[in-house]
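Undergrad: First, the structure itself, so that you have it in front of you.
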Amino acid sequence: MFGKTGRHWQRPEQTHPMWCDVARCLSPYNHLGEHRSTPLVKRVPGHGTVTAILTQRPGGHVWLEIILSARVPAVDPAKQRAWAGRLLAGLGQAIARAVDHRPTTR
Ligand SMILES: [Zn+2]
């Protein structure tokens, strides 16, 4: 049995980062939910789209979730995985260059 303590349980007030799209936010549903921004979509003509979404779990870091939808060239199916691997390697280098703000040494 539960005794009465005279205390009232209260849920912590819900706050959202200023970039959170509250309609897409998953944080109110459980403590593992995350804040989510409105997707930023960049079309790459002839190749596909890149979608970026800011996310943050309560008390955690802010992450940028990037979703790439790219059309795979009509190459030999056995080579499509290699093509995907090269694309991923190039993306990794491009992302590193885009976020690396250290001064270059010459
Ligand atoms: Zn939120």
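Naming works like this for the structure tokens: A, B, ... for the chains as they're shown, residue 1 at the start of each chain, ligands 1 onward in shown order.
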Using only C-alpha atoms and all ligand atoms, which protein or nucleic acid residues are at most 9 Å from ligand 1, as a list in words?
TA: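 Every residue with an atom at most 9 Å from ligand 1 is listed here: Gln14, Thr15, His16, Pro17, Met18, Trp19, Cys20, Asp21, Val22, Ala23, Arg24, Cys25, Leu26, Ser27, Pro28, Gly33, Glu34, His35, Arg36, Ser37, Thr55 and Gln56 of chain A.
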Undergrad: If DSSP is run on the backbone, what residues of region 4-103 of chain A are strand (DSSP E)? A reply as a count of residues only would be ideal.
TA: 25
Undergrad: Figure out the distance between CA of Ala94 (chain A) and CA of Thr51 (chain A), please, to one decimal in Å.
TA: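 Those two atoms sit 15.5 Å apart.
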Undergrad: Can you tell me which residues surround Ala74 (chain A) at a distance of at most 12 Å, considering only C-alpha atoms, apart from same-chain residues fewer than 5 positions away, and format the answer as a list in words?
TA: Lys79, Gln80 and Trp83 of chain A
Undergrad: Output the selection as a PDB file, in the first residue's frame - C-alpha atoms for each residue.
TA:
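This went into result_23.pdb:
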```
ATOM      1  CA  LYS A  79      29.875  -2.541 -58.172  1.00  0.00           C
ATOM      2  CA  GLN A  80      27.056  -0.623 -56.507  1.00  0.00           C
ATOM      3  CA  TRP A  83      30.170   3.041 -55.471  1.00  0.00           C
TER       4      TRP A  83
END
```
Undergrad: Give me, as a PyMOL selection string, all polymer residues having an atom no more than 7 Å from Ile66 (chain A), counting only C-alpha atoms and skipping those fewer than 2 positions away in the same chain.
TA: chain A and resi 50-53+64+68
Undergrad: Using N, CA and C atoms, can you export the residues from the last selection as a short mmCIF file (atom, residue, chain, number, x, y, z; two decimals), in the first residue's frame?
TA:
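Output contents, as saved in selection-v4.cif:
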```cif
data_model
loop_
_atom_site.label_atom_id
_atom_site.label_comp_id
_atom_site.auth_asym_id
_atom_site.auth_seq_id
_atom_site.Cartn_x
_atom_site.Cartn_y
_atom_site.Cartn_z
N VAL A 50 19.68 16.02 -49.71
CA VAL A 50 20.30 15.89 -48.40
C VAL A 50 19.37 16.57 -47.42
N THR A 51 19.01 15.86 -46.36
CA THR A 51 18.12 16.39 -45.34
C THR A 51 18.89 16.44 -44.02
N ALA A 52 18.85 17.58 -43.37
CA ALA A 52 19.56 17.76 -42.10
C ALA A 52 18.56 18.14 -41.01
N ILE A 53 18.68 17.49 -39.86
CA ILE A 53 17.77 17.73 -38.74
C ILE A 53 18.60 17.85 -37.46
N LEU A 64 23.57 16.75 -35.39
CA LEU A 64 22.98 17.02 -36.69
C LEU A 64 22.80 15.67 -37.38
N LEU A 68 20.87 11.22 -46.56
CA LEU A 68 21.18 11.42 -47.97
C LEU A 68 20.38 10.42 -48.79
#
```
